[in-house]
$ cat model.txt   # compact mmCIF, C-alpha atoms
# COMPACT_ATOMS: atom_id res chain seq x y z
CA SER A 52 91.51 77.50 47.99
CA VAL A 53 93.62 74.47 47.25
CA ALA A 54 91.81 71.32 46.15
CA GLY A 55 93.07 68.44 44.08
CA ASN A 56 96.51 70.05 43.66
CA VAL A 57 94.94 72.95 41.81
CA LEU A 58 95.36 76.47 43.09
CA ARG A 59 92.30 78.59 42.40
CA PRO A 60 91.70 82.17 43.49
CA PHE A 61 88.79 82.77 45.86
CA ASN A 62 86.81 85.96 45.24
CA THR A 63 89.54 87.58 43.18
CA PHE A 64 87.22 90.24 41.82
CA ARG A 65 84.37 92.05 43.51
CA VAL A 66 82.11 93.87 41.12
CA THR A 67 80.20 96.97 42.13
CA GLU A 68 77.53 98.66 40.08
CA LEU A 69 75.88 102.04 40.38
CA LEU A 70 72.11 102.04 40.88
CA GLU A 71 70.21 105.21 40.03
CA ALA A 72 66.52 105.61 40.89
CA ARG A 73 64.80 108.58 39.24
CA ASN A 74 61.41 110.25 39.09
CA LEU A 75 60.11 109.28 42.54
CA ALA A 76 57.08 111.44 43.29
CA VAL A 77 54.02 111.42 45.54
CA PRO A 78 50.54 112.52 44.43
CA GLY A 79 48.80 115.58 45.78
CA SER A 80 48.47 119.32 45.53
CA HIS A 81 51.46 121.56 44.91
CA GLY A 82 53.54 121.77 48.10
CA GLU A 83 51.49 119.16 49.99
CA GLY A 84 53.75 117.08 52.24
CA HIS A 85 53.35 113.37 52.89
CA LEU A 86 54.95 111.48 55.75
CA THR A 87 55.65 108.08 54.20
CA SER A 88 58.06 105.16 53.99
CA LEU A 89 60.11 103.72 51.15
CA ARG A 90 61.67 100.31 50.66
CA VAL A 91 63.88 99.08 47.80
CA VAL A 92 64.45 95.33 47.46
CA ALA A 93 67.52 94.21 45.51
CA PRO A 94 67.61 91.23 43.16
CA ALA A 95 69.25 87.99 44.29
CA ALA A 96 73.08 88.14 44.28
CA CYS A 97 73.05 91.94 44.65
CA LEU A 98 73.69 93.75 47.93
CA PHE A 99 73.49 97.41 48.81
CA ARG A 100 76.73 98.77 50.21
CA ASP A 101 76.75 100.33 53.66
CA VAL A 102 75.57 103.92 53.17
CA ALA A 103 77.51 105.01 56.27
CA ALA A 104 80.71 104.24 54.35
CA GLY A 105 79.76 106.86 51.76
CA GLY A 106 78.78 106.60 48.14
CA PHE A 107 75.07 107.28 48.66
CA GLU A 108 73.72 110.37 46.90
CA GLN A 109 70.34 111.76 47.98
CA HIS A 110 69.45 112.93 44.46
CA ALA A 111 69.60 111.71 40.86
CA ALA A 112 69.34 113.16 37.36
CA GLY A 113 66.10 115.12 37.08
CA SER A 114 65.58 115.50 40.85
CA THR A 115 64.14 118.79 42.02
CA ALA A 116 64.80 118.02 45.71
CA ALA A 117 67.11 115.76 47.70
CA LEU A 118 65.75 112.95 49.85
CA PRO A 119 65.63 114.17 53.48
CA HIS A 120 68.11 111.56 54.77
CA VAL A 121 70.02 108.43 53.82
CA PRO A 122 68.35 105.02 54.25
CA LEU A 123 69.15 102.10 56.48
CA VAL A 124 70.52 98.97 54.86
CA GLY A 125 68.63 95.89 56.04
CA GLY A 126 68.00 92.29 55.14
CA ASP A 127 71.73 91.48 55.17
CA GLY A 128 72.24 94.09 52.46
CA ALA A 129 69.25 93.23 50.27
CA LEU A 130 67.08 96.21 51.39
CA LEU A 131 67.27 99.99 51.44
CA ILE A 132 64.79 101.24 54.03
CA TRP A 133 63.45 104.68 54.82
CA ARG A 134 61.02 104.05 57.70
CA GLN A 135 59.87 107.66 57.73
CA LEU A 136 60.49 110.50 55.34
CA GLU A 137 58.53 113.55 54.28
CA LEU A 138 58.07 113.97 50.55
CA PHE A 139 56.32 116.87 48.85
CA ALA A 140 53.91 116.52 45.93
CA SER A 141 55.56 119.35 43.99
CA GLU A 142 59.01 117.72 44.04
CA VAL A 143 60.71 114.91 42.13
CA TYR A 144 63.14 112.73 44.07
CA GLY A 145 65.78 110.16 43.27
CA PHE A 146 68.99 108.63 44.58
CA ARG A 147 72.22 106.98 43.52
CA THR A 148 74.04 104.23 45.40
CA HIS A 149 76.54 101.46 44.85
CA MET A 150 75.71 97.76 44.92
CA LEU A 151 77.96 94.77 45.36
CA ILE A 152 77.40 91.96 42.86
CA LEU A 153 78.10 88.59 44.47
CA ASP A 154 79.99 85.72 42.88
CA ASP A 155 77.06 83.31 43.16
CA VAL A 156 74.66 84.54 40.48
CA PRO A 157 71.40 82.54 40.48
CA HIS A 158 70.24 81.10 37.19
CA ALA A 159 66.55 80.91 38.04
CA GLY A 160 64.01 83.20 39.64
CA GLN A 161 63.08 86.81 39.20
CA HIS A 162 65.91 89.25 38.68
CA VAL A 163 64.14 92.51 39.57
CA PHE A 164 64.23 95.52 41.84
CA ILE A 165 61.09 96.26 43.84
CA LEU A 166 60.36 99.82 45.01
CA GLU A 167 57.52 100.27 47.51
CA LEU A 168 56.43 103.78 48.45
CA GLY A 169 54.31 103.85 51.60
CA TYR A 170 54.98 100.20 52.50
CA LEU A 171 54.55 100.81 56.26
CA ALA A 172 51.20 102.57 55.95
CA ALA A 173 48.26 101.05 57.83
CA SER A 174 45.75 102.33 55.29
CA PRO A 175 45.76 101.17 51.65
CA ASN A 176 45.12 104.78 50.60
CA ALA A 177 48.44 105.83 52.13
CA ARG A 178 50.33 103.14 50.19
CA PHE A 179 51.22 105.23 47.17
CA GLY A 180 52.36 102.33 45.04
CA ALA A 181 55.01 99.86 44.11
CA VAL A 182 56.90 99.10 40.96
CA VAL A 183 58.88 96.10 39.75
CA VAL A 184 61.86 97.07 37.61
CA PRO A 185 63.76 94.41 35.67
CA ALA A 186 67.46 94.37 36.53
CA PRO A 187 70.12 93.84 33.90
CA ARG A 188 71.00 90.17 33.53
CA LEU A 189 74.13 89.06 35.32
CA ALA A 190 76.54 86.53 33.94
CA LYS A 191 79.68 84.93 35.23
CA ILE A 192 82.55 83.05 33.74
CA ILE A 193 83.35 79.75 35.42
CA ALA A 194 86.68 77.93 35.19
CA ALA A 195 88.11 80.17 32.49
CA PRO A 196 91.71 79.22 31.66
CA VAL A 197 94.24 81.89 32.56
CA TRP A 198 97.64 81.91 30.90
CA TYR A 199 100.58 83.73 32.38
CA LEU A 200 102.95 85.42 29.99
CA THR A 201 106.29 86.94 30.85
CA SER A 202 108.63 89.00 28.81
CA GLY A 203 112.27 87.91 28.76

$ encode --input "model.txt" --output "structure tokens"
Amino acid sequence: SVAGNVLRPFNTFRVTELLEARNLAVPGSHGEGHLTSLRVVAPAACLFRDVAAGGFEQHAAGSTAALPHVPLVGGDGALLIWRQLELFASEVYGFRTHMLILDDVPHAGQHVFILELGYLAASPNARFGAVVVPAPRLAKIIAAPVWYLTSG
């Protein structure tokens, strides 16, 4: 943008980070299957990239089974949603995906991921649990001077 005779770049850099969720498991007897739902809420200023464009892996380090399918991205990119998936008590699940870090990093508020397993269940007993995971702090540099050097 050009303002006040100063040329400033707009969104010169887009930062992406890799998110890895590990050790997702449901309770129960060995081999018992559970039809459930899963939702992951991103912190402010972080968006999940479109999984249809690739880059989503249905397993993570330590997984004994892959998630049955890729999630939907909702909430304008702030949510990963599995409305229905079957998970087995004898397996450990996980996933890896890329996130876009926005330029406008908030300075206040909670900077956490929220994972909710069974969030669509009508019965509290079928809501397996939720966890709040602190996200790494984000920082940005504002109005940093840039010097251009050329060699003769």

$ axis_aligned_box --input "model.txt" --around "segment 177-182 of chain A" --padding-each-side "4 Å" --output "lines of an AutoDock Vina configuration file"
center_x = 52.7
center_y = 102.5
center_z = 46.5
size_x = 16.5
size_y = 14.7
size_z = 19.2

$ closest_residue --input "model.txt" --among "A:Gly169, A:Met150, A:Leu86, A:His162" --to "Leu136 of chain A" --atoms "all atoms listed in the file"
A:Leu86

$ closest_residue --input "model.txt" --among "A:Gly145, A:Pro78, A:Pro94, A:Pro175" --to "Thr115 of chain A" --atoms "all atoms listed in the file"
A:Gly145

$ residues_near_point --input "model.txt" --point "(57.0, 114.7, 41.6)" --cutoff "8 Å" --atoms "only C-alpha atoms" --output "compact mmCIF listing (two decimals) with C-alpha atoms, keeping the file's coordinate frame"
# COMPACT_ATOMS: atom_id res chain seq x y z
CA ASN A 74 61.41 110.25 39.09
CA LEU A 75 60.11 109.28 42.54
CA ALA A 76 57.08 111.44 43.29
CA VAL A 77 54.02 111.42 45.54
CA PRO A 78 50.54 112.52 44.43
CA PHE A 139 56.32 116.87 48.85
CA ALA A 140 53.91 116.52 45.93
CA SER A 141 55.56 119.35 43.99
CA GLU A 142 59.01 117.72 44.04
CA VAL A 143 60.71 114.91 42.13
CA TYR A 144 63.14 112.73 44.07

$ residues_around --input "model.txt" --residues "Thr87 of chain A" --least-positions-apart "4" --cutoff "8 Å" --atoms "all atoms listed in the file" --output "count of residues only"
10

$ residues_around --input "model.txt" --residues "Val92 of chain A" --least-positions-apart "4" --cutoff "8 Å" --atoms "all atoms listed in the file" --output "list in words"
Ala129, Leu130, Leu131, Phe164, Ile165 and Leu166 of chain A

$ closest_residue --input "model.txt" --among "A:Tyr170, A:Ala95, A:His85, A:Gly113" --to "Asp155 of chain A" --atoms "only C-alpha atoms"
A:Ala95

$ closest_residue --input "model.txt" --among "A:Phe146, A:Phe99, A:Trp133, A:Tyr199" --to "Glu167 of chain A" --atoms "all atoms listed in the file"
A:Trp133

$ closest_residue --input "model.txt" --among "A:Gly126, A:Pro119, A:Gly180, A:Gly106" --to "Arg147 of chain A" --atoms "only C-alpha atoms"
A:Gly106

$ atom_distance --input "model.txt" --atom1 "atom CA of Val121 of chain A" --atom2 "atom CA of Phe107 of chain A"
7.3 Å

$ atom_distance --input "model.txt" --atom1 "atom CA of Arg178 of chain A" --atom2 "atom CA of Ile132 of chain A"
15.1 Å

$ closest_residue --input "model.txt" --among "A:Leu200, A:Ala112, A:Val163, A:Ala96" --to "Ala72 of chain A" --atoms "all atoms listed in the file"
A:Ala112

$ atom_distance --input "model.txt" --atom1 "atom CA of Val102 of chain A" --atom2 "atom CA of Glu83 of chain A"
28.7 Å

$ decode --input "model.txt" --residues "segment 97-141 of chain A" --atoms "C-alpha atoms" --output "short mmCIF file (atom, residue, chain, number, x, y, z; two decimals), in the first residue's frame"
data_model
loop_
_atom_site.label_atom_id
_atom_site.label_comp_id
_atom_site.auth_asym_id
_atom_site.auth_seq_id
_atom_site.Cartn_x
_atom_site.Cartn_y
_atom_site.Cartn_z
CA CYS A 97 -4.07 -19.28 13.12
CA LEU A 98 -6.03 -20.95 10.32
CA PHE A 99 -6.08 -24.52 9.14
CA ARG A 100 -5.21 -24.87 5.47
CA ASP A 101 -7.69 -26.50 3.12
CA VAL A 102 -7.16 -30.26 3.50
CA ALA A 103 -8.43 -30.83 -0.05
CA ALA A 104 -5.31 -29.02 -1.29
CA GLY A 105 -3.15 -31.69 0.34
CA GLY A 106 -0.76 -31.59 3.25
CA PHE A 107 -3.03 -33.40 5.71
CA GLU A 108 -1.65 -36.68 7.07
CA GLN A 109 -4.05 -39.09 8.79
CA HIS A 110 -1.39 -40.33 11.24
CA ALA A 111 1.38 -38.96 13.46
CA ALA A 112 4.41 -40.27 15.34
CA GLY A 113 3.32 -43.12 17.60
CA SER A 114 0.04 -43.80 15.76
CA THR A 115 -0.99 -47.43 15.46
CA ALA A 116 -3.82 -46.65 13.01
CA ALA A 117 -4.70 -43.88 10.57
CA LEU A 118 -7.77 -41.73 11.05
CA PRO A 119 -10.55 -43.08 8.80
CA HIS A 120 -10.84 -39.89 6.70
CA VAL A 121 -9.70 -36.28 6.47
CA PRO A 122 -11.66 -33.58 8.31
CA LEU A 123 -13.69 -30.66 7.07
CA VAL A 124 -12.28 -27.19 7.65
CA GLY A 125 -14.92 -24.90 9.17
CA GLY A 126 -15.28 -21.64 11.01
CA ASP A 127 -13.48 -19.71 8.24
CA GLY A 128 -10.44 -21.92 8.79
CA ALA A 129 -10.43 -21.93 12.59
CA LEU A 130 -11.87 -25.48 12.98
CA LEU A 131 -11.01 -29.01 11.93
CA ILE A 132 -14.19 -31.08 12.11
CA TRP A 133 -14.83 -34.80 11.92
CA ARG A 134 -18.61 -35.08 12.33
CA GLN A 135 -18.49 -38.87 12.39
CA LEU A 136 -15.60 -41.27 12.62
CA GLU A 137 -15.13 -44.72 14.06
CA LEU A 138 -12.23 -45.10 16.46
CA PHE A 139 -11.16 -48.33 18.15
CA ALA A 140 -10.14 -48.61 21.79
CA SER A 141 -7.07 -50.70 20.96
#
